[in-house]
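Source file: protein_6.cif. Holds: mmCIF, C-alpha atoms, pLDDT in the B column; chains and numbers go by the auth columns.
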data_data
#
loop_
_atom_site.group_PDB
_atom_site.id
_atom_site.type_symbol
_atom_site.label_atom_id
_atom_site.label_comp_id
_atom_site.label_asym_id
_atom_site.label_seq_id
_atom_site.Cartn_x
_atom_site.Cartn_y
_atom_site.Cartn_z
_atom_site.B_iso_or_equiv
_atom_site.auth_seq_id
_atom_site.auth_asym_id
ATOM 1 C CA MET A 1 11.156 17.325 -6.515 51.00 1 A
ATOM 2 C CA SER A 2 10.372 14.102 -4.676 65.00 2 A
ATOM 3 C CA SER A 3 6.823 12.906 -4.165 80.00 3 A
ATOM 4 C CA ALA A 4 4.983 13.236 -0.855 84.00 4 A
ATOM 5 C CA VAL A 5 3.470 9.794 -1.495 90.00 5 A
ATOM 6 C CA GLN A 6 4.880 6.769 0.327 89.00 6 A
ATOM 7 C CA LEU A 7 3.934 3.396 -1.180 90.00 7 A
ATOM 8 C CA ILE A 8 3.439 0.570 1.323 90.00 8 A
ATOM 9 C CA ARG A 9 4.080 -3.105 0.619 88.00 9 A
ATOM 10 C CA SER A 10 3.729 -6.166 2.822 88.00 10 A
ATOM 11 C CA ALA A 11 5.594 -9.450 2.567 88.00 11 A
ATOM 12 C CA ASP A 12 2.590 -10.980 4.349 91.00 12 A
ATOM 13 C CA LEU A 13 0.320 -10.403 1.324 92.00 13 A
ATOM 14 C CA ALA A 14 0.317 -11.992 -2.121 92.00 14 A
ATOM 15 C CA ALA A 15 2.654 -10.402 -4.658 88.00 15 A
ATOM 16 C CA ALA A 16 0.787 -7.829 -6.770 85.00 16 A
ATOM 17 C CA PRO A 17 1.792 -5.402 -9.537 82.00 17 A
ATOM 18 C CA TYR A 18 0.944 -2.453 -7.254 86.00 18 A
ATOM 19 C CA ALA A 19 1.482 -1.323 -3.668 90.00 19 A
ATOM 20 C CA TYR A 20 -1.229 -2.411 -1.236 91.00 20 A
ATOM 21 C CA ALA A 21 -1.466 1.002 0.420 92.00 21 A
ATOM 22 C CA ALA A 22 -0.069 4.515 0.241 91.00 22 A
ATOM 23 C CA THR A 23 0.220 7.460 2.585 90.00 23 A
ATOM 24 C CA ALA A 24 0.975 11.150 2.366 89.00 24 A
ATOM 25 C CA PRO A 25 2.361 13.170 5.268 86.00 25 A
ATOM 26 C CA SER A 26 0.323 15.620 7.291 88.00 26 A
ATOM 27 C CA GLY A 27 0.126 18.917 5.488 86.00 27 A
ATOM 28 C CA SER A 28 -0.051 17.373 2.029 91.00 28 A
ATOM 29 C CA ARG A 29 -2.535 18.803 -0.439 93.00 29 A
ATOM 30 C CA LEU A 30 -4.844 16.114 -1.823 94.00 30 A
ATOM 31 C CA ILE A 31 -5.957 16.313 -5.439 96.00 31 A
ATOM 32 C CA PHE A 32 -9.108 14.413 -6.408 96.00 32 A
ATOM 33 C CA LEU A 33 -9.213 13.949 -10.159 97.00 33 A
ATOM 34 C CA ALA A 34 -12.333 13.333 -12.207 96.00 34 A
ATOM 35 C CA GLY A 35 -12.302 10.137 -14.223 97.00 35 A
ATOM 36 C CA ALA A 36 -9.897 10.524 -17.138 98.00 36 A
ATOM 37 C CA CYS A 37 -11.791 9.607 -20.294 98.00 37 A
ATOM 38 C CA PRO A 38 -10.524 8.595 -23.757 98.00 38 A
ATOM 39 C CA LEU A 39 -11.766 11.722 -25.511 97.00 39 A
ATOM 40 C CA GLU A 40 -10.167 13.524 -28.415 96.00 40 A
ATOM 41 C CA ASP A 41 -9.968 17.337 -28.505 94.00 41 A
ATOM 42 C CA ASP A 42 -13.152 17.437 -30.604 96.00 42 A
ATOM 43 C CA GLY A 43 -15.032 15.406 -27.957 95.00 43 A
ATOM 44 C CA SER A 44 -15.140 12.166 -29.938 97.00 44 A
ATOM 45 C CA THR A 45 -14.148 8.902 -28.284 98.00 45 A
ATOM 46 C CA THR A 46 -10.673 7.589 -29.078 97.00 46 A
ATOM 47 C CA ALA A 47 -10.381 4.245 -30.896 98.00 47 A
ATOM 48 C CA PRO A 48 -13.823 2.662 -30.435 97.00 48 A
ATOM 49 C CA GLY A 49 -13.401 -1.040 -29.647 98.00 49 A
ATOM 50 C CA ASP A 50 -9.708 -0.769 -28.633 98.00 50 A
ATOM 51 C CA TYR A 51 -9.196 -1.148 -24.863 98.00 51 A
ATOM 52 C CA ALA A 52 -5.439 -0.517 -24.963 98.00 52 A
ATOM 53 C CA ALA A 53 -5.704 2.612 -27.135 98.00 53 A
ATOM 54 C CA GLN A 54 -8.434 4.022 -24.918 98.00 54 A
ATOM 55 C CA ALA A 55 -6.362 3.317 -21.790 98.00 55 A
ATOM 56 C CA ALA A 56 -3.410 5.127 -23.379 98.00 56 A
ATOM 57 C CA ARG A 57 -5.577 8.172 -24.158 98.00 57 A
ATOM 58 C CA CYS A 58 -6.937 8.110 -20.592 98.00 58 A
ATOM 59 C CA MET A 59 -3.353 8.205 -19.311 98.00 59 A
ATOM 60 C CA GLU A 60 -2.606 11.232 -21.513 98.00 60 A
ATOM 61 C CA THR A 61 -5.691 12.950 -20.119 97.00 61 A
ATOM 62 C CA LEU A 62 -4.731 12.010 -16.553 98.00 62 A
ATOM 63 C CA ARG A 63 -1.186 13.382 -17.005 98.00 63 A
ATOM 64 C CA GLU A 64 -2.603 16.693 -18.253 97.00 64 A
ATOM 65 C CA ALA A 65 -5.082 16.974 -15.362 97.00 65 A
ATOM 66 C CA LEU A 66 -2.256 16.257 -12.920 98.00 66 A
ATOM 67 C CA ARG A 67 -0.016 18.855 -14.600 97.00 67 A
ATOM 68 C CA ALA A 68 -2.780 21.455 -14.344 97.00 68 A
ATOM 69 C CA SER A 69 -2.998 20.631 -10.627 95.00 69 A
ATOM 70 C CA GLY A 70 0.746 20.951 -10.019 94.00 70 A
ATOM 71 C CA ALA A 71 1.331 17.205 -9.828 96.00 71 A
ATOM 72 C CA THR A 72 2.741 14.287 -11.829 96.00 72 A
ATOM 73 C CA LEU A 73 2.113 10.551 -12.010 97.00 73 A
ATOM 74 C CA THR A 74 4.545 9.995 -9.112 96.00 74 A
ATOM 75 C CA ASP A 75 2.213 12.055 -6.900 96.00 75 A
ATOM 76 C CA VAL A 76 -0.706 9.667 -7.458 97.00 76 A
ATOM 77 C CA ILE A 77 -1.695 7.948 -4.222 97.00 77 A
ATOM 78 C CA SER A 78 -4.353 5.623 -5.692 97.00 78 A
ATOM 79 C CA THR A 79 -6.266 4.825 -8.873 97.00 79 A
ATOM 80 C CA ARG A 80 -9.440 3.095 -9.948 98.00 80 A
ATOM 81 C CA VAL A 81 -9.459 1.723 -13.504 98.00 81 A
ATOM 82 C CA LEU A 82 -12.945 1.142 -14.922 98.00 82 A
ATOM 83 C CA VAL A 83 -13.308 -1.093 -17.976 98.00 83 A
ATOM 84 C CA ALA A 84 -16.639 -1.631 -19.717 98.00 84 A
ATOM 85 C CA SER A 85 -16.374 -5.390 -20.135 98.00 85 A
ATOM 86 C CA SER A 86 -17.014 -8.658 -18.344 97.00 86 A
ATOM 87 C CA SER A 87 -13.966 -10.219 -20.032 98.00 87 A
ATOM 88 C CA GLN A 88 -10.860 -10.486 -17.885 97.00 88 A
ATOM 89 C CA GLN A 89 -8.778 -10.282 -21.085 98.00 89 A
ATOM 90 C CA ASP A 90 -10.199 -6.802 -21.818 98.00 90 A
ATOM 91 C CA LEU A 91 -9.494 -5.654 -18.265 98.00 91 A
ATOM 92 C CA ILE A 92 -5.906 -6.882 -18.546 97.00 92 A
ATOM 93 C CA ALA A 93 -5.440 -5.114 -21.906 98.00 93 A
ATOM 94 C CA ALA A 94 -6.345 -1.806 -20.252 98.00 94 A
ATOM 95 C CA TRP A 95 -4.417 -2.570 -17.045 97.00 95 A
ATOM 96 C CA ASP A 96 -1.204 -3.388 -18.908 97.00 96 A
ATOM 97 C CA VAL A 97 -1.194 0.098 -20.460 98.00 97 A
ATOM 98 C CA VAL A 98 -1.927 1.816 -17.140 98.00 98 A
ATOM 99 C CA HIS A 99 0.660 -0.226 -15.242 96.00 99 A
ATOM 100 C CA ALA A 100 3.334 0.500 -17.863 97.00 100 A
ATOM 101 C CA ALA A 101 2.579 4.243 -17.764 97.00 101 A
ATOM 102 C CA PHE A 102 3.107 4.369 -14.002 96.00 102 A
ATOM 103 C CA GLY A 103 6.366 2.402 -14.184 95.00 103 A
ATOM 104 C CA ASP A 104 8.030 2.016 -10.787 93.00 104 A
ATOM 105 C CA HIS A 105 5.384 4.187 -9.116 94.00 105 A
ATOM 106 C CA ASP A 106 2.922 1.335 -8.706 92.00 106 A
ATOM 107 C CA ALA A 107 0.335 3.108 -6.545 94.00 107 A
ATOM 108 C CA PRO A 108 -2.537 1.102 -5.048 95.00 108 A
ATOM 109 C CA SER A 109 -5.158 0.494 -7.701 96.00 109 A
ATOM 110 C CA THR A 110 -8.484 -1.196 -8.206 96.00 110 A
ATOM 111 C CA LEU A 111 -9.382 -2.689 -11.596 97.00 111 A
ATOM 112 C CA LEU A 112 -13.117 -3.049 -12.226 97.00 112 A
ATOM 113 C CA GLY A 113 -15.261 -4.459 -14.996 98.00 113 A
ATOM 114 C CA VAL A 114 -18.383 -2.312 -15.351 98.00 114 A
ATOM 115 C CA THR A 115 -21.480 -2.483 -17.516 97.00 115 A
ATOM 116 C CA VAL A 116 -21.271 0.866 -19.284 98.00 116 A
ATOM 117 C CA LEU A 117 -19.398 4.179 -19.141 98.00 117 A
ATOM 118 C CA GLY A 118 -20.655 7.680 -19.877 97.00 118 A
ATOM 119 C CA TYR A 119 -19.597 8.441 -23.456 97.00 119 A
ATOM 120 C CA ASP A 120 -20.574 6.702 -26.691 97.00 120 A
ATOM 121 C CA HIS A 121 -18.120 3.858 -27.427 98.00 121 A
ATOM 122 C CA GLN A 122 -16.194 4.510 -24.172 98.00 122 A
ATOM 123 C CA LEU A 123 -14.483 1.406 -22.792 98.00 123 A
ATOM 124 C CA VAL A 124 -12.009 2.773 -20.205 98.00 124 A
ATOM 125 C CA GLU A 125 -11.952 5.463 -17.504 98.00 125 A
ATOM 126 C CA ILE A 126 -9.297 6.103 -14.848 98.00 126 A
ATOM 127 C CA GLU A 127 -9.978 7.842 -11.541 98.00 127 A
ATOM 128 C CA ALA A 128 -7.085 9.024 -9.368 98.00 128 A
ATOM 129 C CA VAL A 129 -6.190 10.760 -6.136 97.00 129 A
ATOM 130 C CA ALA A 130 -2.834 12.501 -5.812 96.00 130 A
ATOM 131 C CA ALA A 131 -0.962 14.147 -2.943 95.00 131 A
ATOM 132 C CA VAL A 132 1.623 16.905 -3.117 94.00 132 A
ATOM 133 C CA ALA A 133 3.587 18.618 -0.385 88.00 133 A
ATOM 134 C CA GLU A 134 1.847 21.816 0.667 77.00 134 A
ATOM 135 C CA ARG A 135 3.779 24.877 -0.471 70.00 135 A
ATOM 136 C CA PRO A 136 4.545 27.517 2.152 60.00 136 A
ATOM 137 C CA ARG A 137 2.442 30.655 1.667 57.00 137 A
#

Could the structure of this file be written out as structure tokens, please?
Amino acid sequence: MSSAVQLIRSADLAAAPYAYAATAPSGSRLIFLAGACPLEDDGSTTAPGDYAAQAARCMETLREALRASGATLTDVISTRVLVASSSQQDLIAAWDVVHAAFGDHDAPSTLLGVTVLGYDHQLVEIEAVAAVAERPR
């Protein structure tokens, strides 16, 4: 099934590894996902100190939350990637994992360095909004 999301690019803006905007048609169902955290099944934080490993676990969590909502990564209309660091290198380590996971579906995204996240040793969190075509009732 094809995605309801349409990614928008502009030749008038600087090249970026993501679309600058995205839309979903009228009648789409929006899915607002809680921040995907790098937590193991026992509640412990994945790979303390490893930005890339935590980003990978966040993507696994995000995929599962999307699946439970009837969506996939190609239905994501935007993301916000939060990284607990003031180092651009750490932000890029997390971003590279997220960008690779989305592949050609490079939805608009914001990458932020933040002071602290909610769980002990947590370095990465990924928020997302998705859109799927409304199913006839």

Matched chain/residue IDs from the PyMOL selection byres ((chain A and resi 126) around 12), as a PyMOL selection string: chain A and resi 32-38+54-63+65+76+78-84+94-95+97-99+109-112+117+122-125+127-129

Written as a VMD selection string, which residues does the PyMOL selection byres ((chain A and resi 134) around 7) give for the file shown? chain A and resid 27 to 29 132 to 133 135 to 136

Put the listed atoms of region 93-112 of chain A in a box along x, y and z with 6 Å added on every side and give me the centre and edge lengths in Å to one decimal, as AutoDock Vina command-line options.
--center_x -2.5 --center_y -0.4 --center_z -13.5 --size_x 33.1 --size_y 21.5 --size_z 28.9

Nearest residue to Gly70 (chain A) out of A:Val116, A:Ile8, A:Ala24, A:Leu30, using all atoms listed in the file? A:Leu30

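Interatomic distance, CA of Gln88 (chain A) against CA of Ser10 (chain A): 25.7 Å.
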
Residues at most 10 Å from Thr23 (chain A), counting all atoms listed in the file, excluding those fewer than 6 positions away in the same chain, as a list in words?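 The residues that qualify are Ala4, Val5, Gln6, Leu7, Ile8, Ile77, Ser78 and Ala131 of chain A.
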
Any chance you could resolve the PyMOL selection byres ((chain A and resi 19) around 7) against this file and give the residues as a PyMOL selection string? chain A and resi 7-9+18+20-21+106-108

Pick from A:Pro17, A:Pro25, A:Asp12, A:Ser3 nearest to Ala100 (chain A), counting only C-alpha atoms: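 The shortest atom-to-atom distance to Ala100 (chain A) comes from A:Pro17.
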
Please compute the CA of Ser87 (chain A)-CA of Thr115 (chain A) distance, one decimal, in Å.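 One can read the CA of Ser87 (chain A) to CA of Thr115 (chain A) distance as 11.1 Å.
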
Using all atoms listed in the file for the distances, tell me which of A:Arg67, A:Ile31, A:Asp120, A:Asp104 is nearest to Ala47 (chain A).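 Selected residue with least distance to Ala47 (chain A): A:Asp120.
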
With distances taken over all atoms listed in the file, which of A:Ala101, A:Ala93, A:Val114, A:Ala22 is nearest to Ala53 (chain A)?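 Closest to Ala53 (chain A), using all atoms listed in the file: A:Ala93.
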
Between CA of Thr46 (chain A) and CA of Gly118 (chain A), measure the distance and give it in Å to one decimal.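 Going from CA of Thr46 (chain A) over to CA of Gly118 (chain A) covers 13.6 Å.
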
What would region 75-95 of chain A look like with N, CA, C and O atoms in place, written as a PDB file, keeping the file's coordinate frame?
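The result, stored in selection30.pdb:
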ATOM      1  N   ASP A  75       2.970  11.511  -8.033  1.00 96.00           N
ATOM      2  CA  ASP A  75       2.213  12.055  -6.900  1.00 96.00           C
ATOM      3  C   ASP A  75       0.886  11.334  -6.689  1.00 96.00           C
ATOM      4  O   ASP A  75       0.167  11.613  -5.734  1.00 96.00           O
ATOM      5  N   VAL A  76       0.554  10.401  -7.578  1.00 97.00           N
ATOM      6  CA  VAL A  76      -0.706   9.667  -7.458  1.00 97.00           C
ATOM      7  C   VAL A  76      -0.622   8.715  -6.265  1.00 97.00           C
ATOM      8  O   VAL A  76       0.331   7.962  -6.118  1.00 97.00           O
ATOM      9  N   ILE A  77      -1.652   8.780  -5.426  1.00 97.00           N
ATOM     10  CA  ILE A  77      -1.695   7.948  -4.222  1.00 97.00           C
ATOM     11  C   ILE A  77      -2.586   6.718  -4.426  1.00 97.00           C
ATOM     12  O   ILE A  77      -2.407   5.710  -3.767  1.00 97.00           O
ATOM     13  N   SER A  78      -3.532   6.794  -5.368  1.00 97.00           N
ATOM     14  CA  SER A  78      -4.353   5.623  -5.692  1.00 97.00           C
ATOM     15  C   SER A  78      -5.103   5.857  -7.002  1.00 97.00           C
ATOM     16  O   SER A  78      -5.325   6.998  -7.410  1.00 97.00           O
ATOM     17  N   THR A  79      -5.467   4.747  -7.650  1.00 97.00           N
ATOM     18  CA  THR A  79      -6.266   4.825  -8.873  1.00 97.00           C
ATOM     19  C   THR A  79      -7.388   3.793  -8.840  1.00 97.00           C
ATOM     20  O   THR A  79      -7.339   2.805  -8.102  1.00 97.00           O
ATOM     21  N   ARG A  80      -8.367   4.051  -9.680  1.00 98.00           N
ATOM     22  CA  ARG A  80      -9.440   3.095  -9.948  1.00 98.00           C
ATOM     23  C   ARG A  80      -9.587   3.062 -11.459  1.00 98.00           C
ATOM     24  O   ARG A  80      -9.818   4.091 -12.088  1.00 98.00           O
ATOM     25  N   VAL A  81      -9.390   1.883 -12.057  1.00 98.00           N
ATOM     26  CA  VAL A  81      -9.459   1.723 -13.504  1.00 98.00           C
ATOM     27  C   VAL A  81     -10.768   1.001 -13.829  1.00 98.00           C
ATOM     28  O   VAL A  81     -10.975  -0.146 -13.417  1.00 98.00           O
ATOM     29  N   LEU A  82     -11.636   1.685 -14.549  1.00 98.00           N
ATOM     30  CA  LEU A  82     -12.945   1.142 -14.922  1.00 98.00           C
ATOM     31  C   LEU A  82     -12.903   0.700 -16.374  1.00 98.00           C
ATOM     32  O   LEU A  82     -12.492   1.470 -17.251  1.00 98.00           O
ATOM     33  N   VAL A  83     -13.331  -0.532 -16.628  1.00 98.00           N
ATOM     34  CA  VAL A  83     -13.308  -1.093 -17.976  1.00 98.00           C
ATOM     35  C   VAL A  83     -14.690  -1.662 -18.275  1.00 98.00           C
ATOM     36  O   VAL A  83     -15.195  -2.509 -17.534  1.00 98.00           O
ATOM     37  N   ALA A  84     -15.301  -1.189 -19.341  1.00 98.00           N
ATOM     38  CA  ALA A  84     -16.639  -1.631 -19.717  1.00 98.00           C
ATOM     39  C   ALA A  84     -16.547  -2.984 -20.419  1.00 98.00           C
ATOM     40  O   ALA A  84     -16.535  -3.068 -21.646  1.00 98.00           O
ATOM     41  N   SER A  85     -16.449  -4.031 -19.602  1.00 98.00           N
ATOM     42  CA  SER A  85     -16.374  -5.390 -20.135  1.00 98.00           C
ATOM     43  C   SER A  85     -16.519  -6.381 -18.988  1.00 98.00           C
ATOM     44  O   SER A  85     -16.167  -6.085 -17.849  1.00 98.00           O
ATOM     45  N   SER A  86     -17.006  -7.562 -19.318  1.00 97.00           N
ATOM     46  CA  SER A  86     -17.014  -8.658 -18.344  1.00 97.00           C
ATOM     47  C   SER A  86     -15.913  -9.660 -18.661  1.00 97.00           C
ATOM     48  O   SER A  86     -15.803 -10.686 -18.014  1.00 97.00           O
ATOM     49  N   SER A  87     -15.070  -9.348 -19.636  1.00 98.00           N
ATOM     50  CA  SER A  87     -13.966 -10.219 -20.032  1.00 98.00           C
ATOM     51  C   SER A  87     -12.681  -9.821 -19.311  1.00 98.00           C
ATOM     52  O   SER A  87     -12.218  -8.677 -19.448  1.00 98.00           O
ATOM     53  N   GLN A  88     -12.112 -10.756 -18.582  1.00 97.00           N
ATOM     54  CA  GLN A  88     -10.860 -10.486 -17.885  1.00 97.00           C
ATOM     55  C   GLN A  88      -9.767 -10.078 -18.872  1.00 97.00           C
ATOM     56  O   GLN A  88      -8.933  -9.217 -18.568  1.00 97.00           O
ATOM     57  N   GLN A  89      -9.767 -10.620 -20.059  1.00 98.00           N
ATOM     58  CA  GLN A  89      -8.778 -10.282 -21.085  1.00 98.00           C
ATOM     59  C   GLN A  89      -8.844  -8.789 -21.434  1.00 98.00           C
ATOM     60  O   GLN A  89      -7.810  -8.140 -21.605  1.00 98.00           O
ATOM     61  N   ASP A  90     -10.045  -8.230 -21.526  1.00 98.00           N
ATOM     62  CA  ASP A  90     -10.199  -6.802 -21.818  1.00 98.00           C
ATOM     63  C   ASP A  90      -9.689  -5.953 -20.660  1.00 98.00           C
ATOM     64  O   ASP A  90      -9.029  -4.926 -20.879  1.00 98.00           O
ATOM     65  N   LEU A  91      -9.983  -6.374 -19.436  1.00 98.00           N
ATOM     66  CA  LEU A  91      -9.494  -5.654 -18.265  1.00 98.00           C
ATOM     67  C   LEU A  91      -7.972  -5.647 -18.239  1.00 98.00           C
ATOM     68  O   LEU A  91      -7.348  -4.617 -17.986  1.00 98.00           O
ATOM     69  N   ILE A  92      -7.365  -6.775 -18.543  1.00 97.00           N
ATOM     70  CA  ILE A  92      -5.906  -6.882 -18.546  1.00 97.00           C
ATOM     71  C   ILE A  92      -5.300  -6.024 -19.652  1.00 97.00           C
ATOM     72  O   ILE A  92      -4.259  -5.386 -19.458  1.00 97.00           O
ATOM     73  N   ALA A  93      -5.947  -5.956 -20.809  1.00 98.00           N
ATOM     74  CA  ALA A  93      -5.440  -5.114 -21.906  1.00 98.00           C
ATOM     75  C   ALA A  93      -5.347  -3.660 -21.464  1.00 98.00           C
ATOM     76  O   ALA A  93      -4.358  -2.975 -21.738  1.00 98.00           O
ATOM     77  N   ALA A  94      -6.359  -3.182 -20.762  1.00 98.00           N
ATOM     78  CA  ALA A  94      -6.345  -1.806 -20.252  1.00 98.00           C
ATOM     79  C   ALA A  94      -5.326  -1.669 -19.122  1.00 98.00           C
ATOM     80  O   ALA A  94      -4.528  -0.728 -19.097  1.00 98.00           O
ATOM     81  N   TRP A  95      -5.326  -2.627 -18.200  1.00 97.00           N
ATOM     82  CA  TRP A  95      -4.417  -2.570 -17.045  1.00 97.00           C
ATOM     83  C   TRP A  95      -2.954  -2.552 -17.478  1.00 97.00           C
ATOM     84  O   TRP A  95      -2.149  -1.816 -16.908  1.00 97.00           O
TER      85      TRP A  95
END
